[in-house]
Amino acid sequence: MMKYFFATVILFLILFFSCSKNEITLPPFNPETNLENTLPISNTVMKNMEGIYKLAGGNGNLGEQFVCKTSNQRVSFFSNQSGIFMILKYGFNPVDSSIQFAGFWRYSENKTQGKIGFSIPWNKGAQELIVNQIPDSINLEGVFLDIDLYTRSLTINFNRTFSQFILDKEGDSDINNDFAIFAHHGVQTTANPPYAENSLDGVLNDEAYGVNGLEFDIRMTKDHVPICIHDATINTRLTLKGPLTGAYDQYNFSVLSNYIRLRDGQKIPSVEEVLRAFIESTTLKFMWLDVKGNEDIFKYLDPIVRNAYAYAASLNRDVIIIADLPTKDVIDQYNAWPAYTDLPAMCELELQDVIDNHCEYWGPRYSEGLLLEDIDRAHSLGIKVYSWTLNDKNIIRNYLENGRFDGFITDYPAYVVYDYYTMF
């Protein structure tokens with residue numbers, strides 16, 4: 001019997017360690033039958049749902065308190081429990097005048113997830129929402145597929161609006177005053193992400209995961225096209241196995257488009273493609289371009305960023321596109337193209353480097369600590385400070401509670417969203 005026991009243990013270990021946390025895990029399929037024949041509802045109307053909600057009945061496996069945030073055609077809830085979040089599509093049911101929701105719930109740090117659906121009855125908040133009023137009460141009644149594959153009921157009620165501090169900050173006409181939550185590599189989680197990092201699908205879907213900004217990595221091709229990819233060389237960590245090897249900058253963009261696919265089958269996007277999607281298909285506010293360095297990269301990045309700002313202005317979109325200078329080499333490239341210096345830039349090195357290079361933003365690594373005196377000095381000079389990359393839930397809470405940062409990069413935005421909107 002003992003040999004069978006050890007064989008079982010060995011098999012378990014093989015299976016456990018062969019399951020990479022980098023494997024793409026798409027959201028679960030939801031047939032969304034309750035959304036059939038529903039009518040669209042504007043984002044403006046649904047924004048009146050935002051606030052703090054509490055469990056009012058049914059099963060509490062998904063948490064007891066939730067932060068509700070709306071985005072482009074989605075409503076999301078962020079739980080007090082284990083970084084759980086829900087992402088929901090919605091529509092108005094003209095038959096019973098209810099608002100219907102369908103989507104999925106998921107843990108932040110592992111791939112556990114399931115289907116979920118809600119309804120707001122006409123007399124429990126839908127009536128006021130539909131005419132763009134803020135209801136006195138909102139009652140969401142629903143069911144979800146639990147970990148054990150049993151369907152369980154869940155009722156959550158609106159408890160309160162966000163604090164006046166939050167409302168004033170988000171209502172400020174200067175978006176630079178918003179607390180920035182950046183999706184690391186433009187992806188929501190390092191634990192079985194739903195999309196490949198630095199991808200267009202990330203741009204189009206990240207907003208629902210609680211962020212208001214994206215961080216993308218920038219390199220350049222042989223024919224001087226800035227692209228979004230983290231590593232300098234082609235590898236199976238980020239891409240599917242294919243015929244090309246070596247550095248990305250030895251290939252023209254058309255060659256990479258024809259022969260390289262990201263791990264979920266998408267093409268490597270150009271910076272121009274990413275910025276266009278960011279501007280026309282989302283309501284995201286911040287874009288952090290982490291420039292990895294190539295000779296003359298700012299010469300070729302410059303017109304792309306300026307055109308993006310012009311396009312945003314044509315759509316009445318207020319956005320901030322920040323070029324990040326993470327190393328001395330990139331700083332040298334930045335200074336080699338003085339025309340770029342009137343565009344927003346960030347430095348990751350010491351505060352004095354930020355000042356010397358006339359940057360408006362500072363991006364210290366989280367391991368540098370709270371940096372209270374340096375941040376006070378930065379703020380006195382009009383410099384915003386964004387820390388990276390915060391993934392530990394205890395560090396996130398500590399940095400929100402005791403720090404003075406203006407935003408974070410994170411792989412787990414659900415932790416940041418829940419703490420930020422409930423603590424302040």
# chains A, B, ... in the order shown; residues from 1 in each chain; ligands from 1
$ closest_atom_pairs --of "range 28-68 of chain A" --to "range 411-414 of chain A" --cutoff "12 Å" --atoms "only C-alpha atoms" --output "CSV"
residue,atom,partner,partner_atom,distance
A:Phe66,CA,A:Ala414,CA,10.4
A:Val67,CA,A:Ala414,CA,9.4
A:Cys68,CA,A:Ala414,CA,11.0
$ select_by_dssp --residues "range 272-332 of chain A" --states "helix (DSSP H, G or I)" --output "ChimeraX atom specification"
/A:272-280,297-314,328-332
$ closest_residue --among "A:Arg106, A:Lys241, A:Lys115, A:Lys169" --to "Lys89 in chain A" --atoms "only C-alpha atoms"
A:Lys115
$ closest_atom_pairs --of "range 182-259 of chain A" --to "range 276-291 of chain A" --cutoff "12 Å" --atoms "only C-alpha atoms" --output "CSV"
residue,atom,partner,partner_atom,distance
A:Phe182,CA,A:Phe286,CA,7.7
A:Ala183,CA,A:Trp288,CA,9.5
A:His184,CA,A:Trp288,CA,9.6
A:His185,CA,A:Asp290,CA,9.1
A:Gly186,CA,A:Met287,CA,9.5
A:Asn198,CA,A:Leu289,CA,10.7
A:Ser199,CA,A:Ala277,CA,10.6
A:Leu200,CA,A:Ala277,CA,7.4
A:Asp201,CA,A:Ala277,CA,9.5
A:Gly202,CA,A:Phe278,CA,9.9
A:Val203,CA,A:Phe278,CA,6.1
A:Leu204,CA,A:Ser281,CA,6.6
A:Asn205,CA,A:Thr282,CA,8.5
A:Asp206,CA,A:Leu284,CA,9.0
A:Glu207,CA,A:Leu284,CA,6.6
A:Ala208,CA,A:Thr282,CA,9.9
A:Tyr209,CA,A:Leu284,CA,11.6
A:Gly210,CA,A:Leu284,CA,10.2
A:Val211,CA,A:Leu284,CA,7.7
A:Asn212,CA,A:Leu284,CA,4.8
A:Gly213,CA,A:Phe286,CA,4.2
A:Leu214,CA,A:Met287,CA,5.0
A:Glu215,CA,A:Trp288,CA,4.5
A:Phe216,CA,A:Leu289,CA,5.2
A:Asp217,CA,A:Asp290,CA,4.7
A:Ile218,CA,A:Val291,CA,4.7
A:Arg219,CA,A:Val291,CA,6.6
A:Met220,CA,A:Val291,CA,9.5
A:Pro226,CA,A:Val291,CA,9.6
A:Ile227,CA,A:Val291,CA,10.1
A:Cys228,CA,A:Leu289,CA,8.9
A:Ile229,CA,A:Asp290,CA,9.9
A:His230,CA,A:Asp290,CA,8.9
A:Asp231,CA,A:Val291,CA,11.6
A:Ala232,CA,A:Val291,CA,11.6
$ write_last_selection --atoms "C-alpha atoms" --output "CSV table (one decimal), in the first residue's frame"
chain,number,residue,atom,x,y,z
A,182,PHE,CA,-1.9,50.7,-13.3
A,183,ALA,CA,-2.2,47.2,-14.7
A,184,HIS,CA,1.2,45.6,-14.7
A,185,HIS,CA,2.3,44.9,-18.3
A,186,GLY,CA,-1.3,45.7,-19.2
A,198,ASN,CA,1.4,43.8,-23.5
A,199,SER,CA,-1.6,42.9,-25.7
A,200,LEU,CA,-4.5,44.6,-27.3
A,201,ASP,CA,-6.9,42.3,-25.5
A,202,GLY,CA,-5.4,43.6,-22.3
A,203,VAL,CA,-6.1,47.2,-23.4
A,204,LEU,CA,-9.7,46.4,-24.3
A,205,ASN,CA,-10.5,44.5,-21.1
A,206,ASP,CA,-8.3,45.7,-18.2
A,207,GLU,CA,-10.6,48.6,-17.2
A,208,ALA,CA,-13.2,46.1,-15.8
A,209,TYR,CA,-10.5,44.7,-13.5
A,210,GLY,CA,-10.4,47.9,-11.5
A,211,VAL,CA,-7.6,49.9,-13.1
A,212,ASN,CA,-7.6,53.4,-14.5
A,213,GLY,CA,-4.2,53.1,-16.2
A,214,LEU,CA,-2.0,50.7,-18.1
A,215,GLU,CA,1.7,50.0,-18.0
A,216,PHE,CA,3.2,48.7,-21.2
A,217,ASP,CA,6.8,47.8,-22.1
A,218,ILE,CA,8.3,49.5,-25.2
A,219,ARG,CA,11.0,48.3,-27.6
A,220,MET,CA,11.7,49.0,-31.2
A,226,PRO,CA,8.0,51.1,-31.4
A,227,ILE,CA,6.3,47.8,-30.2
A,228,CYS,CA,4.9,46.5,-26.9
A,229,ILE,CA,7.0,43.6,-25.5
A,230,HIS,CA,8.9,43.1,-22.3
A,231,ASP,CA,11.9,40.9,-23.1
A,232,ALA,CA,14.6,41.8,-25.6
$ select_by_dssp --residues "range 214-399 of chain A" --states "strand (DSSP E or B)" --output "mmCIF file with N, CA and C atoms, in the first residue's frame"
data_model
loop_
_atom_site.group_PDB
_atom_site.id
_atom_site.type_symbol
_atom_site.label_atom_id
_atom_site.label_comp_id
_atom_site.auth_asym_id
_atom_site.auth_seq_id
_atom_site.Cartn_x
_atom_site.Cartn_y
_atom_site.Cartn_z
ATOM 1 N N LEU A 214 -2.707 51.812 -17.602
ATOM 2 C CA LEU A 214 -1.984 50.652 -18.100
ATOM 3 C C LEU A 214 -0.488 50.937 -18.083
ATOM 4 N N GLU A 215 0.297 49.900 -17.807
ATOM 5 C CA GLU A 215 1.746 49.980 -17.959
ATOM 6 C C GLU A 215 2.154 48.989 -19.033
ATOM 7 N N PHE A 216 2.741 49.506 -20.131
ATOM 8 C CA PHE A 216 3.185 48.674 -21.238
ATOM 9 C C PHE A 216 4.688 48.858 -21.454
ATOM 10 N N ASP A 217 5.350 47.790 -21.901
ATOM 11 C CA ASP A 217 6.797 47.805 -22.135
ATOM 12 C C ASP A 217 7.072 48.125 -23.600
ATOM 13 N N ILE A 218 8.084 48.969 -23.848
ATOM 14 C CA ILE A 218 8.318 49.494 -25.191
ATOM 15 C C ILE A 218 9.719 49.137 -25.686
ATOM 16 N N ARG A 219 9.756 48.521 -26.859
ATOM 17 C CA ARG A 219 11.009 48.287 -27.585
ATOM 18 C C ARG A 219 10.809 48.742 -29.029
ATOM 19 N N MET A 220 11.827 48.531 -29.873
ATOM 20 C CA MET A 220 11.720 49.007 -31.245
ATOM 21 C C MET A 220 12.219 47.944 -32.220
ATOM 22 N N PRO A 226 8.074 51.384 -32.850
ATOM 23 C CA PRO A 226 7.967 51.054 -31.425
ATOM 24 C C PRO A 226 6.875 50.005 -31.194
ATOM 25 N N ILE A 227 7.230 48.938 -30.492
ATOM 26 C CA ILE A 227 6.297 47.839 -30.229
ATOM 27 C C ILE A 227 6.178 47.613 -28.729
ATOM 28 N N CYS A 228 5.191 46.798 -28.338
ATOM 29 C CA CYS A 228 4.938 46.518 -26.922
ATOM 30 C C CYS A 228 5.341 45.079 -26.620
ATOM 31 N N THR A 233 14.553 39.521 -26.275
ATOM 32 C CA THR A 233 14.673 38.438 -27.254
ATOM 33 C C THR A 233 13.413 37.581 -27.282
ATOM 34 N N THR A 239 5.843 34.205 -25.938
ATOM 35 C CA THR A 239 5.297 33.927 -27.261
ATOM 36 C C THR A 239 5.204 32.431 -27.511
ATOM 37 N N ALA A 247 16.927 38.622 -31.105
ATOM 38 C CA ALA A 247 16.389 39.890 -30.626
ATOM 39 C C ALA A 247 15.286 40.408 -31.539
ATOM 40 N N LEU A 262 1.761 36.026 -29.583
ATOM 41 C CA LEU A 262 1.805 35.991 -28.126
ATOM 42 C C LEU A 262 1.195 34.688 -27.636
ATOM 43 N N SER A 270 1.898 47.252 -32.064
ATOM 44 C CA SER A 270 2.724 48.455 -32.081
ATOM 45 C C SER A 270 2.223 49.418 -31.008
ATOM 46 N N PHE A 286 -4.694 56.800 -17.740
ATOM 47 C CA PHE A 286 -3.233 56.861 -17.688
ATOM 48 C C PHE A 286 -2.600 55.759 -18.530
ATOM 49 N N MET A 287 -1.516 56.105 -19.234
ATOM 50 C CA MET A 287 -0.710 55.122 -19.944
ATOM 51 C C MET A 287 0.764 55.344 -19.556
ATOM 52 N N TRP A 288 1.359 54.309 -18.979
ATOM 53 C CA TRP A 288 2.765 54.322 -18.556
ATOM 54 C C TRP A 288 3.532 53.508 -19.589
ATOM 55 N N LEU A 289 4.382 54.167 -20.377
ATOM 56 C CA LEU A 289 5.192 53.512 -21.396
ATOM 57 C C LEU A 289 6.585 53.262 -20.814
ATOM 58 N N ASP A 290 6.852 52.013 -20.453
ATOM 59 C CA ASP A 290 8.127 51.631 -19.844
ATOM 60 C C ASP A 290 9.140 51.396 -20.968
ATOM 61 N N VAL A 291 9.922 52.413 -21.265
ATOM 62 C CA VAL A 291 10.841 52.379 -22.407
ATOM 63 C C VAL A 291 12.062 51.533 -22.044
ATOM 64 N N ILE A 320 -3.324 60.909 -20.013
ATOM 65 C CA ILE A 320 -1.924 61.227 -19.734
ATOM 66 C C ILE A 320 -1.079 60.051 -20.187
ATOM 67 N N ILE A 321 -0.110 60.316 -21.088
ATOM 68 C CA ILE A 321 0.770 59.286 -21.633
ATOM 69 C C ILE A 321 2.180 59.592 -21.164
ATOM 70 N N ILE A 322 2.701 58.722 -20.294
ATOM 71 C CA ILE A 322 3.974 58.991 -19.612
ATOM 72 C C ILE A 322 5.061 58.072 -20.149
ATOM 73 N N ALA A 323 6.161 58.648 -20.608
ATOM 74 C CA ALA A 323 7.324 57.853 -21.004
ATOM 75 C C ALA A 323 8.205 57.645 -19.783
ATOM 76 N N ASP A 324 8.469 56.376 -19.459
ATOM 77 C CA ASP A 324 9.240 56.033 -18.267
ATOM 78 C C ASP A 324 10.715 55.851 -18.634
ATOM 79 N N LEU A 325 11.587 56.431 -17.801
ATOM 80 C CA LEU A 325 13.032 56.332 -17.987
ATOM 81 C C LEU A 325 13.592 55.467 -16.858
ATOM 82 N N ALA A 345 7.087 62.746 -18.736
ATOM 83 C CA ALA A 345 8.127 61.730 -18.559
ATOM 84 C C ALA A 345 8.275 61.402 -17.079
ATOM 85 N N MET A 346 8.738 60.189 -16.828
ATOM 86 C CA MET A 346 8.948 59.672 -15.486
ATOM 87 C C MET A 346 10.352 59.087 -15.391
ATOM 88 N N CYS A 347 10.943 59.174 -14.215
ATOM 89 C CA CYS A 347 12.228 58.535 -13.970
ATOM 90 C C CYS A 347 12.084 57.591 -12.782
ATOM 91 N N TYR A 361 7.113 63.007 -13.169
ATOM 92 C CA TYR A 361 6.706 61.819 -12.420
ATOM 93 C C TYR A 361 7.949 61.076 -11.935
ATOM 94 N N TRP A 362 7.794 60.452 -10.768
ATOM 95 C CA TRP A 362 8.848 59.619 -10.193
ATOM 96 C C TRP A 362 8.264 58.231 -9.935
ATOM 97 N N ARG A 365 10.777 51.901 -6.991
ATOM 98 C CA ARG A 365 10.385 50.520 -6.724
ATOM 99 C C ARG A 365 9.824 50.418 -5.310
ATOM 100 N N LYS A 384 4.488 63.950 -9.279
ATOM 101 C CA LYS A 384 3.665 62.835 -8.816
ATOM 102 C C LYS A 384 4.548 61.604 -8.639
ATOM 103 N N VAL A 385 4.158 60.734 -7.676
ATOM 104 C CA VAL A 385 4.995 59.577 -7.338
ATOM 105 C C VAL A 385 4.162 58.303 -7.423
ATOM 106 N N TYR A 386 4.586 57.366 -8.295
ATOM 107 C CA TYR A 386 3.919 56.082 -8.488
ATOM 108 C C TYR A 386 4.870 54.954 -8.108
ATOM 109 N N SER A 387 4.450 54.085 -7.206
ATOM 110 C CA SER A 387 5.290 52.969 -6.759
ATOM 111 C C SER A 387 4.970 51.706 -7.554
ATOM 112 N N TRP A 388 5.991 50.863 -7.760
ATOM 113 C CA TRP A 388 5.817 49.616 -8.513
ATOM 114 C C TRP A 388 6.656 48.516 -7.878
#
$ closest_residue --among "A:Asn176, A:Asn235, A:Asn335, A:Asn110" --to "Glu23 in chain A" --atoms "only C-alpha atoms"
A:Asn110
$ residues_around --residues "Tyr251 in chain A" --least-positions-apart "2" --cutoff "10 Å" --atoms "only C-alpha atoms" --output "list in words"
Met220, Thr221, Lys222, Asp223, His224, Leu244, Thr245, Gly246, Ala247, Tyr248, Asp249, Phe253, Ser254, Val255 and Leu256 of chain A
$ write_last_selection --atoms "N, CA and C atoms" --output "compact mmCIF listing (two decimals), in the first residue's frame"
# COMPACT_ATOMS: atom_id res chain seq x y z
N MET A 220 11.83 48.53 -29.87
CA MET A 220 11.72 49.01 -31.24
C MET A 220 12.22 47.94 -32.22
N THR A 221 11.60 47.89 -33.38
CA THR A 221 11.96 46.94 -34.41
C THR A 221 13.10 47.48 -35.28
N LYS A 222 13.57 46.65 -36.18
CA LYS A 222 14.65 47.03 -37.09
C LYS A 222 14.26 48.23 -37.95
N ASP A 223 12.98 48.30 -38.35
CA ASP A 223 12.52 49.41 -39.18
C ASP A 223 11.89 50.53 -38.34
N HIS A 224 12.31 50.61 -37.08
CA HIS A 224 11.99 51.74 -36.20
C HIS A 224 10.52 51.88 -35.85
N LEU A 244 11.17 32.17 -35.66
CA LEU A 244 12.13 33.24 -35.43
C LEU A 244 12.81 33.10 -34.07
N THR A 245 14.07 33.49 -34.01
CA THR A 245 14.83 33.52 -32.77
C THR A 245 15.62 34.81 -32.69
N GLY A 246 16.18 35.07 -31.50
CA GLY A 246 17.04 36.24 -31.35
C GLY A 246 16.28 37.47 -30.92
N ALA A 247 16.93 38.62 -31.11
CA ALA A 247 16.39 39.89 -30.63
C ALA A 247 15.29 40.41 -31.54
N TYR A 248 14.32 41.07 -30.94
CA TYR A 248 13.22 41.64 -31.72
C TYR A 248 13.73 42.72 -32.67
N ASP A 249 14.78 43.45 -32.26
CA ASP A 249 15.22 44.58 -33.08
C ASP A 249 16.02 44.18 -34.31
N PHE A 253 8.88 45.13 -38.45
CA PHE A 253 7.59 44.91 -37.78
C PHE A 253 6.71 43.94 -38.58
N SER A 254 6.74 44.03 -39.90
CA SER A 254 5.90 43.14 -40.72
C SER A 254 6.29 41.68 -40.53
N VAL A 255 7.57 41.41 -40.35
CA VAL A 255 8.03 40.03 -40.13
C VAL A 255 7.51 39.52 -38.79
N LEU A 256 7.62 40.34 -37.75
CA LEU A 256 7.11 39.94 -36.43
C LEU A 256 5.60 39.71 -36.49
$ residues_around --residues "Asp178 in chain A" --least-positions-apart "3" --cutoff "9 Å" --atoms "only C-alpha atoms" --output "number ranges by chain"
A: 169-172, 174-175, 406-407
$ closest_residue --among "A:Thr112, A:Asn177, A:Asn394, A:Ser367" --to "Gly382 in chain A" --atoms "only C-alpha atoms"
A:Asn177
$ decode --residues "range 71-103 of chain A" --atoms "N, CA and C atoms" --output "PDB file, in the first residue's frame"
ATOM      1  N   SER A  71     -17.255  50.628 -15.534  1.00  0.00           N
ATOM      2  CA  SER A  71     -16.298  50.948 -16.585  1.00  0.00           C
ATOM      3  C   SER A  71     -17.034  50.923 -17.912  1.00  0.00           C
ATOM      4  N   ASN A  72     -16.329  50.698 -18.986  1.00  0.00           N
ATOM      5  CA  ASN A  72     -16.932  50.732 -20.306  1.00  0.00           C
ATOM      6  C   ASN A  72     -17.791  49.487 -20.536  1.00  0.00           C
ATOM      7  N   GLN A  73     -19.116  49.628 -20.315  1.00  0.00           N
ATOM      8  CA  GLN A  73     -20.091  48.536 -20.502  1.00  0.00           C
ATOM      9  C   GLN A  73     -19.904  47.366 -19.527  1.00  0.00           C
ATOM     10  N   ARG A  74     -19.335  47.645 -18.371  1.00  0.00           N
ATOM     11  CA  ARG A  74     -19.183  46.613 -17.348  1.00  0.00           C
ATOM     12  C   ARG A  74     -19.441  47.229 -15.967  1.00  0.00           C
ATOM     13  N   VAL A  75     -19.958  46.387 -15.062  1.00  0.00           N
ATOM     14  CA  VAL A  75     -20.019  46.719 -13.641  1.00  0.00           C
ATOM     15  C   VAL A  75     -19.179  45.680 -12.919  1.00  0.00           C
ATOM     16  N   SER A  76     -18.302  46.134 -12.018  1.00  0.00           N
ATOM     17  CA  SER A  76     -17.400  45.223 -11.311  1.00  0.00           C
ATOM     18  C   SER A  76     -17.551  45.401  -9.805  1.00  0.00           C
ATOM     19  N   PHE A  77     -17.429  44.282  -9.080  1.00  0.00           N
ATOM     20  CA  PHE A  77     -17.460  44.290  -7.624  1.00  0.00           C
ATOM     21  C   PHE A  77     -16.147  43.698  -7.102  1.00  0.00           C
ATOM     22  N   PHE A  78     -15.593  44.334  -6.077  1.00  0.00           N
ATOM     23  CA  PHE A  78     -14.320  43.916  -5.498  1.00  0.00           C
ATOM     24  C   PHE A  78     -14.542  43.608  -4.022  1.00  0.00           C
ATOM     25  N   SER A  79     -14.221  42.376  -3.645  1.00  0.00           N
ATOM     26  CA  SER A  79     -14.607  41.835  -2.349  1.00  0.00           C
ATOM     27  C   SER A  79     -13.556  42.095  -1.275  1.00  0.00           C
ATOM     28  N   ASN A  80     -14.019  42.037  -0.021  1.00  0.00           N
ATOM     29  CA  ASN A  80     -13.109  42.093   1.124  1.00  0.00           C
ATOM     30  C   ASN A  80     -12.374  40.771   1.328  1.00  0.00           C
ATOM     31  N   GLN A  81     -12.713  39.757   0.563  1.00  0.00           N
ATOM     32  CA  GLN A  81     -12.193  38.413   0.801  1.00  0.00           C
ATOM     33  C   GLN A  81     -11.286  37.936  -0.334  1.00  0.00           C
ATOM     34  N   SER A  82     -10.020  37.691  -0.032  1.00  0.00           N
ATOM     35  CA  SER A  82      -9.081  36.975  -0.907  1.00  0.00           C
ATOM     36  C   SER A  82      -8.924  37.577  -2.293  1.00  0.00           C
ATOM     37  N   GLY A  83      -9.115  38.882  -2.412  1.00  0.00           N
ATOM     38  CA  GLY A  83      -8.965  39.506  -3.720  1.00  0.00           C
ATOM     39  C   GLY A  83      -9.987  39.033  -4.739  1.00  0.00           C
ATOM     40  N   ILE A  84     -11.144  38.558  -4.279  1.00  0.00           N
ATOM     41  CA  ILE A  84     -12.191  38.102  -5.199  1.00  0.00           C
ATOM     42  C   ILE A  84     -12.814  39.311  -5.896  1.00  0.00           C
ATOM     43  N   PHE A  85     -13.087  39.156  -7.178  1.00  0.00           N
ATOM     44  CA  PHE A  85     -13.774  40.205  -7.925  1.00  0.00           C
ATOM     45  C   PHE A  85     -14.812  39.590  -8.847  1.00  0.00           C
ATOM     46  N   MET A  86     -15.783  40.397  -9.248  1.00  0.00           N
ATOM     47  CA  MET A  86     -16.818  39.994 -10.200  1.00  0.00           C
ATOM     48  C   MET A  86     -16.842  41.006 -11.337  1.00  0.00           C
ATOM     49  N   ILE A  87     -16.971  40.516 -12.555  1.00  0.00           N
ATOM     50  CA  ILE A  87     -17.077  41.389 -13.729  1.00  0.00           C
ATOM     51  C   ILE A  87     -18.347  41.009 -14.477  1.00  0.00           C
ATOM     52  N   LEU A  88     -19.206  42.007 -14.701  1.00  0.00           N
ATOM     53  CA  LEU A  88     -20.566  41.738 -15.177  1.00  0.00           C
ATOM     54  C   LEU A  88     -20.949  42.616 -16.365  1.00  0.00           C
ATOM     55  N   LYS A  89     -21.532  42.009 -17.391  1.00  0.00           N
ATOM     56  CA  LYS A  89     -22.242  42.744 -18.426  1.00  0.00           C
ATOM     57  C   LYS A  89     -23.658  43.026 -17.927  1.00  0.00           C
ATOM     58  N   TYR A  90     -24.358  43.930 -18.579  1.00  0.00           N
ATOM     59  CA  TYR A  90     -25.688  44.277 -18.086  1.00  0.00           C
ATOM     60  C   TYR A  90     -26.611  44.713 -19.215  1.00  0.00           C
ATOM     61  N   GLY A  91     -27.912  44.717 -18.908  1.00  0.00           N
ATOM     62  CA  GLY A  91     -28.918  45.186 -19.864  1.00  0.00           C
ATOM     63  C   GLY A  91     -30.256  45.389 -19.168  1.00  0.00           C
ATOM     64  N   PHE A  92     -31.134  46.190 -19.795  1.00  0.00           N
ATOM     65  CA  PHE A  92     -32.465  46.466 -19.245  1.00  0.00           C
ATOM     66  C   PHE A  92     -33.470  45.508 -19.856  1.00  0.00           C
ATOM     67  N   ASN A  93     -34.192  44.805 -18.978  1.00  0.00           N
ATOM     68  CA  ASN A  93     -35.221  43.866 -19.428  1.00  0.00           C
ATOM     69  C   ASN A  93     -36.556  44.603 -19.534  1.00  0.00           C
ATOM     70  N   PRO A  94     -37.051  44.837 -20.757  1.00  0.00           N
ATOM     71  CA  PRO A  94     -38.288  45.618 -20.903  1.00  0.00           C
ATOM     72  C   PRO A  94     -39.545  44.857 -20.477  1.00  0.00           C
ATOM     73  N   VAL A  95     -39.434  43.562 -20.277  1.00  0.00           N
ATOM     74  CA  VAL A  95     -40.603  42.766 -19.890  1.00  0.00           C
ATOM     75  C   VAL A  95     -40.969  43.014 -18.436  1.00  0.00           C
ATOM     76  N   ASP A  96     -39.972  42.931 -17.542  1.00  0.00           N
ATOM     77  CA  ASP A  96     -40.268  43.140 -16.119  1.00  0.00           C
ATOM     78  C   ASP A  96     -39.597  44.392 -15.561  1.00  0.00           C
ATOM     79  N   SER A  97     -38.960  45.187 -16.441  1.00  0.00           N
ATOM     80  CA  SER A  97     -38.324  46.459 -16.062  1.00  0.00           C
ATOM     81  C   SER A  97     -37.186  46.284 -15.058  1.00  0.00           C
ATOM     82  N   SER A  98     -36.558  45.136 -15.080  1.00  0.00           N
ATOM     83  CA  SER A  98     -35.408  44.897 -14.210  1.00  0.00           C
ATOM     84  C   SER A  98     -34.111  45.181 -14.967  1.00  0.00           C
ATOM     85  N   ILE A  99     -33.024  45.305 -14.224  1.00  0.00           N
ATOM     86  CA  ILE A  99     -31.688  45.371 -14.822  1.00  0.00           C
ATOM     87  C   ILE A  99     -31.022  44.028 -14.571  1.00  0.00           C
ATOM     88  N   GLN A 100     -30.573  43.391 -15.641  1.00  0.00           N
ATOM     89  CA  GLN A 100     -29.988  42.060 -15.570  1.00  0.00           C
ATOM     90  C   GLN A 100     -28.461  42.130 -15.716  1.00  0.00           C
ATOM     91  N   PHE A 101     -27.783  41.234 -15.007  1.00  0.00           N
ATOM     92  CA  PHE A 101     -26.317  41.172 -15.038  1.00  0.00           C
ATOM     93  C   PHE A 101     -25.876  39.722 -15.261  1.00  0.00           C
ATOM     94  N   ALA A 102     -24.805  39.546 -16.024  1.00  0.00           N
ATOM     95  CA  ALA A 102     -24.233  38.216 -16.213  1.00  0.00           C
ATOM     96  C   ALA A 102     -22.730  38.347 -16.402  1.00  0.00           C
ATOM     97  N   GLY A 103     -21.977  37.426 -15.793  1.00  0.00           N
ATOM     98  CA  GLY A 103     -20.530  37.489 -15.920  1.00  0.00           C
ATOM     99  C   GLY A 103     -19.847  36.399 -15.139  1.00  0.00           C
TER     100      GLY A 103
END
